[in-house]
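Engineer: Once you've had a glance at the structure underneath, I'll fire off some questions.
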Amino acid sequence: MDEKVLLKGNIAIAKAALNCGCSCYFGYPITPQTDIGEYLSLEMQKKNLAYVCAESEIGAINMALGAASSGEKVMTSSSSCAVALMQEALSYASSDELPIVLVNVMRAGPGQGYIYPSQGDYNQATIGGGNGDYKTIVLSPSSVQECIDLTYKSFYLAQKYKNPTILLVDGLLGQMAEPAIITKNPYPDIDNSSWILDGAKNRPSRNIHSLEPDQNKLNQHILKLYQKYQQIEKNEPVWEEYLCEDADIILTAFGTMARSIKAVCNHFRKTRIKMGVFRPVTLYPFPYKRLRELSVKARYFIDIEMNMGQMLKDIRLGVLSNAQISFIGKPVGDWLRKEEIISAVNNIIKEQYASI
Amino acid sequence: MQVYSIPKSIKKDSKFTFCKGCDHGVAIKIIAEIIDELNLKENTIAISSSGCSVLLYNFLDVDCLEAPHGRACAVATGVKRAHRAKGQDKFVFTYQGDGDFASIGLGESMHSALRGENITAICINNTNYGMTGGQMGPTSTMGQLTTTSPLGRNKEYHGFPIKTAEQIALCEGTQFSARVALYDVKNILKAKKIIKKAFECQLKGGGFSFVEILSSCPTNWKLSPQDSHKKIEEELTKIYPLEIFKDTTND
């Protein structure tokens with residue numbers, strides 16, 4: 001188990017899902033995530049588990065919604081424009097409090113865009129495209145190892161909070177192979193016997209629904225959901241910090257982008273600029289509190305994303321109001337390289353942070 | 001001597017909330033009677049939908065999950081397969097309107113039939129969108145006046161309605177497809193027999209089973225309950241014949 005193996009991100013996710021007991025997968029092909037479904041099709045059929053090549057992403061996420069009511073661990077995977085089709089069911093599943101794991105291996109948009117790498121679905125994942133007051137937990141891996149670790153965590157958090165959970169993966173990472181250890185699932189199973197639908201035997205019948213004609217009851221339901229979201233926001237923010245303690249300038253990024261900016265940070269440290277890197281691992285709950293603490297010392301933040309600045313608003317919400325924030329971004333295609341970022345950061349420092 | 005009792009699978013405190021003369025109440029009652037007769041109450045997961053049929057869980061005393069509009073057959077697929085993955089066979093059926101099953105959800109419905117998904121779908125066909133106030137639906141008949149076909153459904157302008165039970169019968173995975181009505185006692189008894197057969201089809205593990213129920217909508221048809229049932233008997237059954245279109249349960 002502890003041996004390192006060469007693995008693609010997508011296959012790592014599929015293997016981790018099986019390892020932690022995912023017994024139901026429903027999917028529809030779309031690049032760059034199709035190999036998750038391809039891998040699981042054989043493995044799940046061999047074990048007599050539930051696998052359906054759904055008629056559409058709408059079919060797939062609704063099959064997942066139904067399956068989640070049984071208490072089994074359920075996953076679907078898709079990409080960007082097709083995850084857009086799943087937003088309705090995510091809103092229902094949030095209201096119904098059904099644990100679904102949705103893997104979004106991002107491609108470029110808007111619309112069909114193309115299969116180039118991009119981080120354009122930060123808003124779709126963290127804000128959501130469904131109707132009403134609801135939130136989905138969002139985890140963002142930056143390595144194949146984290147594809148494994150955070151798949152385990154996605155299933156755990158989905159079950160723990162009875163809430164849809166999105167694993168938001170860069171297309172680059174889904175298709176990239178690197179050594180990783182297929183660890184064991186470290187999380188316990190959650191007892192779900194009090195709410196699952198498995199036939200009203202020796203207990204009153206249960207029903208799971210989002211319709212509520214009584215406005216007071218609907219208000220109460222949403223307030224109850226928000227109490228849960230408060231618990232999630234209190235308990236679950238996870239982030240990675242690199243050399244942030246004494247930093248004057250902090251680079252922020254999520255997912256795969258955070259890897260190249262560590263090298264950028266090292267470069268500037270050699271020039272005696274006190275630079276650090278801050279990477280949210282949970283995009284919802286976003287680690288606002290820690291960002292605020294860091295902005296007491298660090299007065300300058302440079303956010304770097306493969307989009308037009310979607311996480312930027314969360315950085316703004318997190319840091320103290322007198323911090324200066326800049327943005328380096330590119331919406332699609334070849335990942336921003338170390339040299340490009342260094343040059344862009346240099347320009348920002350020269351033009352805006354002359355006082356450092 | 002007790003001559004009548006409410007089925008065990010009807011919730012004790014339920015109050016009739018459908019419109020006067022609506023057939024939903026009769027449909028749900030005979031489904032409850034069949035659940036009792038087949039002893040399915042403790043093993044059933046019912047899937048309700050959007051529209052008037054969403055209220056199923058207010059009446060039926062079994063585990064019930066509400067599906068997003070049109071997605072009931074996909075949700076039922078997930079429920080059925082998930083329990084099968086843990087080695088359990090649950091009885092899973094959907095309860096949908098014609099707009100839900102045959103318009104917004106036609107993709108999910110028909111693909112469940114094509115796959116031969118071992119579930120049962122019940123579709124209440126009242127030839128309009130009832131809950132939203134009587135708009136033209138996929139089954140609205142030629143010439144039918146609705147709030148969105150105020151001059152009557154017209155083939156050039158609106159196009160044709162769907163004959164759902166006939167279409168579902170064409171799918172290879174369908175084992176049973178029929179249309180019934182509830183406009184008099186004879187037909188209610190016949191409908192019960194046919195729905196029971198559809199349920200038994202699932203219990204035998206044969207594949208997709210489907211029953212379309214021609215149902216009254218006095219409020220939106222702007223007819224009395226009596227005239228609504230007369231309309232079903234005299235007009236609708238001519239367009240939507242009461243037949244078993246496919247039955248391979250004995251093959």
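Going by the structure tokens order, chains are called A, B, ..., each with residues numbered from 1, while ligands are numbered from 1 in the order shown.
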Can you work out which residues from chain B touch chain A at a cut-off of 8 Å (counting only C-alpha atoms) and hand them back as number ranges by chain?
Structural biologist: B: 41-45, 57, 61-68, 71, 74-86, 90, 107-108, 111
Engineer: Fewer than 2 positions away in the same chain doesn't count, so skip those; otherwise give me all residues within 9 Å of range 12-20 of chain B, counting only C-alpha atoms, as number ranges by chain.
Structural biologist: B: 6, 8-10, 22-25, 52, 55, 58-61, 217-219, 224-225
Engineer: With C-alpha atoms retained, write the just-selected residues as a compact mmCIF listing (two decimals), in the first residue's frame.
Structural biologist:
```txt
# COMPACT_ATOMS: atom_id res chain seq x y z
CA ILE B 6 -59.11 3.04 4.22
CA LYS B 8 -53.33 0.51 5.46
CA SER B 9 -50.86 2.22 3.15
CA ILE B 10 -52.79 5.51 3.29
CA CYS B 22 -59.89 15.05 -9.60
CA ASP B 23 -58.91 11.42 -10.15
CA HIS B 24 -55.55 11.66 -8.32
CA GLY B 25 -57.30 10.58 -5.12
CA CYS B 52 -50.06 17.82 -8.59
CA LEU B 55 -48.20 15.44 -3.15
CA ASN B 58 -48.83 13.39 1.87
CA PHE B 59 -51.11 10.41 1.34
CA LEU B 60 -49.08 7.27 0.84
CA ASP B 61 -47.58 5.77 4.00
CA CYS B 217 -59.05 17.79 -14.33
CA PRO B 218 -62.45 19.48 -13.73
CA THR B 219 -60.90 22.76 -12.52
CA SER B 224 -68.21 19.45 -13.47
CA PRO B 225 -66.75 16.19 -12.11
```
Engineer: Can you measure CA of Leu320 in chain A to CA of Leu294 in chain A for me? One decimal in Å is fine.
Structural biologist: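 Separation between CA of Leu320 in chain A and CA of Leu294 in chain A: 9.1 Å.
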Engineer: Using only C-alpha atoms, pick whichever of A:Ser118, A:Gln175, A:Asn123, A:Asn104 has the shortest atom-to-atom distance to Leu312 in chain A.
Structural biologist: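 Looking only at the distances to Leu312 in chain A, the closest residue turns out to be A:Asn123.
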Engineer: Excluding same-chain residues fewer than 5 positions from Tyr116 in chain A, what lies within 9 Å of it counting only C-alpha atoms, as a PyMOL selection string?
Structural biologist: chain A and resi 32+106-108+171-172+332-334
Engineer: Quick one, how far is CA of Leu139 in chain A from CA of Asn266 in chain A?
Structural biologist: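 Value for the CA of Leu139 in chain A-CA of Asn266 in chain A distance: 26.0 Å.
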Engineer: Tell me which protein, DNA and RNA residues are within 12 Å of Lys289 in chain A, counting only C-alpha atoms, leaving out same-chain ones fewer than 3 positions away, and put them as a short mmCIF file (atom, residue, chain, number, x, y, z; two decimals) with N, CA and C atoms, in the first residue's frame.
Structural biologist:
```cif
data_model
loop_
_atom_site.label_atom_id
_atom_site.label_comp_id
_atom_site.auth_asym_id
_atom_site.auth_seq_id
_atom_site.Cartn_x
_atom_site.Cartn_y
_atom_site.Cartn_z
N GLU A 233 -18.38 25.89 8.01
CA GLU A 233 -17.45 27.03 7.91
C GLU A 233 -16.54 27.11 9.14
N LYS A 234 -17.06 26.66 10.27
CA LYS A 234 -16.26 26.69 11.50
C LYS A 234 -15.25 25.53 11.52
N ASN A 235 -15.70 24.35 11.11
CA ASN A 235 -14.89 23.14 11.32
C ASN A 235 -13.98 22.76 10.16
N GLU A 236 -14.34 23.10 8.95
CA GLU A 236 -13.73 22.41 7.83
C GLU A 236 -12.77 23.19 6.92
N PRO A 237 -12.54 24.51 7.13
CA PRO A 237 -11.60 25.16 6.21
C PRO A 237 -10.22 24.52 6.29
N VAL A 238 -9.65 24.24 5.12
CA VAL A 238 -8.29 23.67 5.04
C VAL A 238 -7.52 24.50 4.03
N TRP A 239 -6.27 24.78 4.35
CA TRP A 239 -5.45 25.55 3.42
C TRP A 239 -4.01 25.09 3.55
N PRO A 280 -5.92 27.91 -0.73
CA PRO A 280 -7.09 27.27 -0.13
C PRO A 280 -7.23 25.85 -0.69
N PRO A 285 -15.78 25.38 2.56
CA PRO A 285 -15.63 26.69 3.19
C PRO A 285 -14.29 27.34 2.86
N PHE A 286 -14.31 28.60 2.46
CA PHE A 286 -13.09 29.32 2.12
C PHE A 286 -12.39 29.76 3.42
N ARG A 292 -7.25 36.60 6.74
CA ARG A 292 -7.35 37.86 7.46
C ARG A 292 -6.19 38.00 8.45
N GLU A 293 -5.88 36.90 9.16
CA GLU A 293 -4.76 36.94 10.11
C GLU A 293 -3.46 37.26 9.39
N LEU A 294 -3.26 36.63 8.23
CA LEU A 294 -2.02 36.85 7.50
C LEU A 294 -1.93 38.28 6.98
N SER A 295 -3.09 38.91 6.71
CA SER A 295 -3.05 40.25 6.12
C SER A 295 -2.74 41.33 7.16
N VAL A 296 -2.61 40.94 8.43
CA VAL A 296 -2.15 41.91 9.43
C VAL A 296 -0.69 42.27 9.14
N ASP A 314 -12.98 36.33 -3.30
CA ASP A 314 -12.87 35.72 -1.97
C ASP A 314 -11.60 36.20 -1.26
N ILE A 315 -10.54 36.46 -2.04
CA ILE A 315 -9.32 37.03 -1.44
C ILE A 315 -9.68 38.42 -0.89
N LEU A 317 -12.57 39.52 0.07
CA LEU A 317 -13.42 39.37 1.26
C LEU A 317 -12.61 38.96 2.47
N GLY A 318 -11.52 38.23 2.22
CA GLY A 318 -10.74 37.67 3.33
C GLY A 318 -9.78 38.68 3.95
N VAL A 319 -9.05 39.41 3.14
CA VAL A 319 -7.97 40.23 3.69
C VAL A 319 -8.51 41.52 4.30
N LEU A 320 -7.71 42.13 5.18
CA LEU A 320 -8.10 43.41 5.77
C LEU A 320 -8.23 44.47 4.68
#
```
Engineer: Neighbouring residues of Gly97 in chain B were defined as those with any atom within 9 Å, considering only C-alpha atoms; residues of the same chain fewer than 6 positions away were excluded. Please report them as a short mmCIF file (atom, residue, chain, number, x, y, z; two decimals) with C-alpha atoms, in the first residue's frame.
Structural biologist:
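Below you can see around-v4.cif, which holds the result:
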```cif
data_model
loop_
_atom_site.label_atom_id
_atom_site.label_comp_id
_atom_site.auth_asym_id
_atom_site.auth_seq_id
_atom_site.Cartn_x
_atom_site.Cartn_y
_atom_site.Cartn_z
CA SER B 49 -42.46 14.31 -9.13
CA SER B 50 -43.43 17.91 -9.82
CA GLY B 51 -46.96 19.10 -10.42
CA CYS B 52 -50.06 17.82 -8.59
CA SER B 53 -48.46 14.36 -8.35
CA GLY B 70 -39.27 15.12 -15.10
CA ILE B 122 -47.43 5.48 -13.26
CA CYS B 123 -48.35 8.48 -15.41
CA ILE B 124 -51.47 10.53 -14.69
CA ASN B 125 -52.61 11.94 -18.05
CA ASN B 126 -55.07 14.82 -17.63
CA TYR B 129 -50.45 21.21 -16.87
CA GLY B 130 -52.84 21.12 -13.93
#
```
Engineer: Determine which residues of range 51-249 of chain B DSSP labels as strand (DSSP E or B) from the backbone of this structure, then write them out as JSON, numbers by chain.
Structural biologist: {"B": [60, 63, 64, 65, 66, 91, 92, 93, 94, 95, 96, 97, 120, 121, 122, 123, 124, 125, 129, 135, 146, 149, 174, 175, 176, 177, 178, 179, 180, 181, 208, 209, 210, 211, 212, 213, 214, 244, 245, 246, 247]}
Engineer: Limited to N, CA and C atoms, could you put the picked residues into a file as a compact mmCIF listing (two decimals), in the first residue's frame?
Structural biologist:
```
# COMPACT_ATOMS: atom_id res chain seq x y z
N LEU B 60 -49.52 8.65 0.84
CA LEU B 60 -49.08 7.27 0.84
C LEU B 60 -48.11 7.04 2.00
N ASP B 63 -42.01 4.87 2.29
CA ASP B 63 -40.87 5.75 2.08
C ASP B 63 -41.01 6.42 0.71
N CYS B 64 -40.76 7.72 0.68
CA CYS B 64 -41.01 8.45 -0.56
C CYS B 64 -39.95 9.51 -0.79
N LEU B 65 -39.50 9.60 -2.02
CA LEU B 65 -38.48 10.58 -2.41
C LEU B 65 -39.03 11.42 -3.56
N GLU B 66 -38.89 12.73 -3.44
CA GLU B 66 -39.37 13.64 -4.49
C GLU B 66 -38.26 13.83 -5.52
N PHE B 91 -38.97 -2.50 -3.94
CA PHE B 91 -40.00 -2.19 -4.92
C PHE B 91 -40.00 -0.67 -5.14
N VAL B 92 -39.74 -0.25 -6.38
CA VAL B 92 -39.58 1.18 -6.67
C VAL B 92 -40.54 1.58 -7.78
N PHE B 93 -41.37 2.56 -7.51
CA PHE B 93 -42.24 3.05 -8.58
C PHE B 93 -42.30 4.57 -8.58
N THR B 94 -42.57 5.14 -9.76
CA THR B 94 -42.71 6.58 -9.87
C THR B 94 -44.18 6.93 -10.04
N TYR B 95 -44.51 8.15 -9.64
CA TYR B 95 -45.88 8.65 -9.78
C TYR B 95 -45.77 10.04 -10.40
N GLN B 96 -46.11 10.16 -11.68
CA GLN B 96 -45.83 11.37 -12.43
C GLN B 96 -47.04 11.83 -13.23
N GLY B 97 -47.05 13.10 -13.59
CA GLY B 97 -48.06 13.60 -14.52
C GLY B 97 -47.57 13.42 -15.95
N THR B 120 -41.40 0.53 -12.00
CA THR B 120 -42.74 0.77 -12.55
C THR B 120 -43.00 2.27 -12.57
N ALA B 121 -43.53 2.76 -13.69
CA ALA B 121 -43.88 4.18 -13.78
C ALA B 121 -45.39 4.30 -13.97
N ILE B 122 -46.00 5.17 -13.14
CA ILE B 122 -47.43 5.48 -13.26
C ILE B 122 -47.53 6.92 -13.75
N CYS B 123 -48.24 7.13 -14.84
CA CYS B 123 -48.35 8.48 -15.41
C CYS B 123 -49.81 8.91 -15.44
N ILE B 124 -50.12 9.98 -14.72
CA ILE B 124 -51.47 10.53 -14.69
C ILE B 124 -51.60 11.49 -15.88
N ASN B 125 -52.43 11.10 -16.85
CA ASN B 125 -52.61 11.94 -18.05
C ASN B 125 -53.94 12.69 -17.95
N TYR B 129 -51.25 20.95 -18.07
CA TYR B 129 -50.45 21.21 -16.87
C TYR B 129 -51.41 21.71 -15.80
N GLN B 135 -52.24 24.80 -18.67
CA GLN B 135 -51.58 25.14 -19.93
C GLN B 135 -51.53 23.91 -20.86
N THR B 146 -56.71 25.54 -23.99
CA THR B 146 -55.97 25.67 -22.73
C THR B 146 -55.54 27.13 -22.63
N SER B 149 -53.17 27.60 -25.38
CA SER B 149 -53.69 27.34 -26.73
C SER B 149 -55.13 27.86 -26.74
N THR B 174 -39.19 -2.48 -22.40
CA THR B 174 -40.51 -2.42 -21.76
C THR B 174 -41.12 -3.81 -21.72
N GLN B 175 -41.57 -4.22 -20.54
CA GLN B 175 -42.23 -5.51 -20.45
C GLN B 175 -43.74 -5.36 -20.44
N PHE B 176 -44.18 -4.21 -19.93
CA PHE B 176 -45.63 -4.03 -19.79
C PHE B 176 -45.96 -2.56 -19.99
N SER B 177 -46.91 -2.28 -20.89
CA SER B 177 -47.35 -0.90 -21.08
C SER B 177 -48.84 -0.89 -21.38
N ALA B 178 -49.58 -0.09 -20.61
CA ALA B 178 -51.04 -0.09 -20.76
C ALA B 178 -51.60 1.29 -20.46
N ARG B 179 -52.83 1.52 -20.95
CA ARG B 179 -53.55 2.74 -20.59
C ARG B 179 -54.88 2.36 -19.95
N VAL B 180 -55.21 3.03 -18.85
CA VAL B 180 -56.45 2.75 -18.15
C VAL B 180 -57.17 4.08 -17.87
N ALA B 181 -58.40 4.01 -17.40
CA ALA B 181 -59.14 5.22 -17.01
C ALA B 181 -59.90 4.95 -15.73
N PHE B 208 -39.05 -2.86 -17.51
CA PHE B 208 -39.82 -1.63 -17.29
C PHE B 208 -41.32 -1.92 -17.42
N SER B 209 -42.10 -1.44 -16.46
CA SER B 209 -43.55 -1.57 -16.57
C SER B 209 -44.18 -0.18 -16.43
N PHE B 210 -45.23 0.05 -17.23
CA PHE B 210 -45.76 1.41 -17.35
C PHE B 210 -47.28 1.38 -17.45
N VAL B 211 -47.94 2.25 -16.68
CA VAL B 211 -49.39 2.42 -16.81
C VAL B 211 -49.71 3.91 -16.90
N GLU B 212 -50.38 4.28 -17.99
CA GLU B 212 -50.87 5.65 -18.17
C GLU B 212 -52.33 5.68 -17.71
N ILE B 213 -52.66 6.63 -16.85
CA ILE B 213 -54.03 6.70 -16.32
C ILE B 213 -54.70 7.97 -16.86
N LEU B 214 -55.73 7.80 -17.69
CA LEU B 214 -56.52 8.95 -18.14
C LEU B 214 -57.26 9.50 -16.94
N ILE B 244 -53.96 -2.74 -23.35
CA ILE B 244 -52.62 -3.19 -22.95
C ILE B 244 -51.83 -3.25 -24.26
N PHE B 245 -50.84 -2.38 -24.38
CA PHE B 245 -50.11 -2.28 -25.65
C PHE B 245 -48.94 -3.27 -25.72
N LYS B 246 -48.46 -3.64 -24.56
CA LYS B 246 -47.39 -4.63 -24.55
C LYS B 246 -47.43 -5.39 -23.24
N ASP B 247 -47.34 -6.69 -23.32
CA ASP B 247 -47.27 -7.51 -22.11
C ASP B 247 -46.46 -8.75 -22.44
```
Engineer: Leaving out Asp227 in chain B and any residue of its chain fewer than 6 positions from it, which residues lie within 10 Å of it when counting only C-alpha atoms, given as a ChimeraX atom specification?
Structural biologist: /B:21,216,218,221,233
Engineer: Can I get the selected residues back with N, CA and C atoms, as a short mmCIF file (atom, residue, chain, number, x, y, z; two decimals), in the first residue's frame?
Structural biologist:
```
data_model
loop_
_atom_site.label_atom_id
_atom_site.label_comp_id
_atom_site.auth_asym_id
_atom_site.auth_seq_id
_atom_site.Cartn_x
_atom_site.Cartn_y
_atom_site.Cartn_z
N GLY B 21 -63.44 16.30 -7.72
CA GLY B 21 -63.62 15.51 -8.94
C GLY B 21 -62.32 15.11 -9.62
N SER B 216 -59.18 12.91 -14.74
CA SER B 216 -59.97 14.14 -14.90
C SER B 216 -59.25 15.35 -14.31
N PRO B 218 -61.25 18.62 -13.60
CA PRO B 218 -62.45 19.48 -13.73
C PRO B 218 -62.13 20.97 -13.63
N TRP B 221 -60.37 22.00 -16.90
CA TRP B 221 -61.23 21.72 -18.06
C TRP B 221 -62.51 22.58 -17.99
N GLU B 233 -64.77 9.41 -21.04
CA GLU B 233 -65.42 8.24 -21.64
C GLU B 233 -65.72 8.46 -23.14
#
```
Engineer: Taking the backbone alone, and naming residues the way the document does, which bits of range 9-66 of chain B are helix (DSSP H, G or I) by DSSP, as a list in words?
Structural biologist: His24, Gly25, Val26, Ala27, Ile28, Lys29, Ile30, Ile31, Ala32, Glu33, Ile34, Ile35, Asp36, Glu37, Lys41, Glu42, Asn43, Cys52, Ser53, Val54, Leu55, Leu56, Tyr57, Asn58 and Phe59 of chain B
Engineer: Output C-alpha atoms of each residue in that selection to a file, as a compact mmCIF listing (two decimals), in the first residue's frame.
Structural biologist:
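See again.txt below for the written result:
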```txt
# COMPACT_ATOMS: atom_id res chain seq x y z
CA HIS B 24 -55.55 11.66 -8.32
CA GLY B 25 -57.30 10.58 -5.12
CA VAL B 26 -58.73 7.44 -6.72
CA ALA B 27 -55.40 6.62 -8.39
CA ILE B 28 -53.48 6.94 -5.11
CA LYS B 29 -56.08 4.90 -3.25
CA ILE B 30 -55.96 1.96 -5.65
CA ILE B 31 -52.17 2.07 -5.60
CA ALA B 32 -52.35 1.92 -1.78
CA GLU B 33 -54.74 -1.05 -1.98
CA ILE B 34 -52.36 -2.88 -4.32
CA ILE B 35 -49.41 -2.15 -2.01
CA ASP B 36 -51.46 -3.67 0.83
CA GLU B 37 -52.54 -6.70 -1.21
CA LYS B 41 -45.46 -1.42 2.32
CA GLU B 42 -42.24 -2.24 4.14
CA ASN B 43 -40.22 -2.74 0.99
CA CYS B 52 -50.06 17.82 -8.59
CA SER B 53 -48.46 14.36 -8.35
CA VAL B 54 -45.71 15.70 -6.03
CA LEU B 55 -48.20 15.44 -3.15
CA LEU B 56 -48.09 11.63 -3.21
CA TYR B 57 -46.06 11.56 0.01
CA ASN B 58 -48.83 13.39 1.87
CA PHE B 59 -51.11 10.41 1.34
```
Engineer: Could you check which of B:Gln167, B:Thr147, B:Thr127, B:Gln88 is closest to Ser109 in chain B, using only C-alpha atoms?
Structural biologist: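 Distance minimum relative to Ser109 in chain B lands on B:Gln167.
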Engineer: Would you kindly return, as a PDB file with C-alpha atoms, in the first residue's frame, each protein, DNA or RNA residue with an atom no farther than 10 Å from any atom of Gln119 in chain A, considering only C-alpha atoms and excluding same-chain residues fewer than 4 positions away?
Structural biologist:
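The resulting file, selection_5.pdb, is reproduced below:
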```
ATOM      1  CA  SER A  80     -17.610  22.209 -16.878  1.00  0.00           C
ATOM      2  CA  VAL A 105     -12.514  17.900 -14.090  1.00  0.00           C
ATOM      3  CA  MET A 106     -12.493  21.369 -15.597  1.00  0.00           C
ATOM      4  CA  ARG A 107     -12.152  22.272 -19.262  1.00  0.00           C
ATOM      5  CA  ALA A 108     -12.303  25.733 -20.794  1.00  0.00           C
ATOM      6  CA  GLY A 109     -15.526  27.681 -21.290  1.00  0.00           C
ATOM      7  CA  ASN A 123     -17.668  30.423  -9.439  1.00  0.00           C
ATOM      8  CA  LEU A 168     -12.919  20.528  -8.368  1.00  0.00           C
ATOM      9  CA  VAL A 169     -10.009  19.256 -10.434  1.00  0.00           C
ATOM     10  CA  ASP A 170      -7.969  21.088 -13.075  1.00  0.00           C
ATOM     11  CA  GLY A 171      -8.137  19.288 -16.435  1.00  0.00           C
ATOM     12  CA  LEU A 172      -4.349  19.429 -16.351  1.00  0.00           C
ATOM     13  CA  PHE A 254      -5.824  27.187  -5.975  1.00  0.00           C
ATOM     14  CA  GLY A 255      -5.405  23.758  -7.522  1.00  0.00           C
ATOM     15  CA  THR A 256      -2.491  23.006  -9.819  1.00  0.00           C
ATOM     16  CA  MET A 257      -1.609  26.695 -10.188  1.00  0.00           C
ATOM     17  CA  GLU A 305      -5.476  31.906 -11.514  1.00  0.00           C
ATOM     18  CA  MET A 306      -6.161  30.203 -14.832  1.00  0.00           C
ATOM     19  CA  ASN A 307      -9.304  32.309 -15.262  1.00  0.00           C
ATOM     20  CA  MET A 308     -10.169  36.003 -15.208  1.00  0.00           C
ATOM     21  CA  GLY A 309     -10.107  36.329 -11.435  1.00  0.00           C
ATOM     22  CA  GLN A 310     -12.845  34.210  -9.943  1.00  0.00           C
ATOM     23  CA  MET A 311     -11.206  33.484  -6.555  1.00  0.00           C
ATOM     24  CA  LYS A 330      -5.023  33.779 -18.122  1.00  0.00           C
ATOM     25  CA  PRO A 331      -8.365  32.155 -18.917  1.00  0.00           C
ATOM     26  CA  VAL A 332      -7.322  29.152 -20.963  1.00  0.00           C
TER      27      VAL A 332
END
```
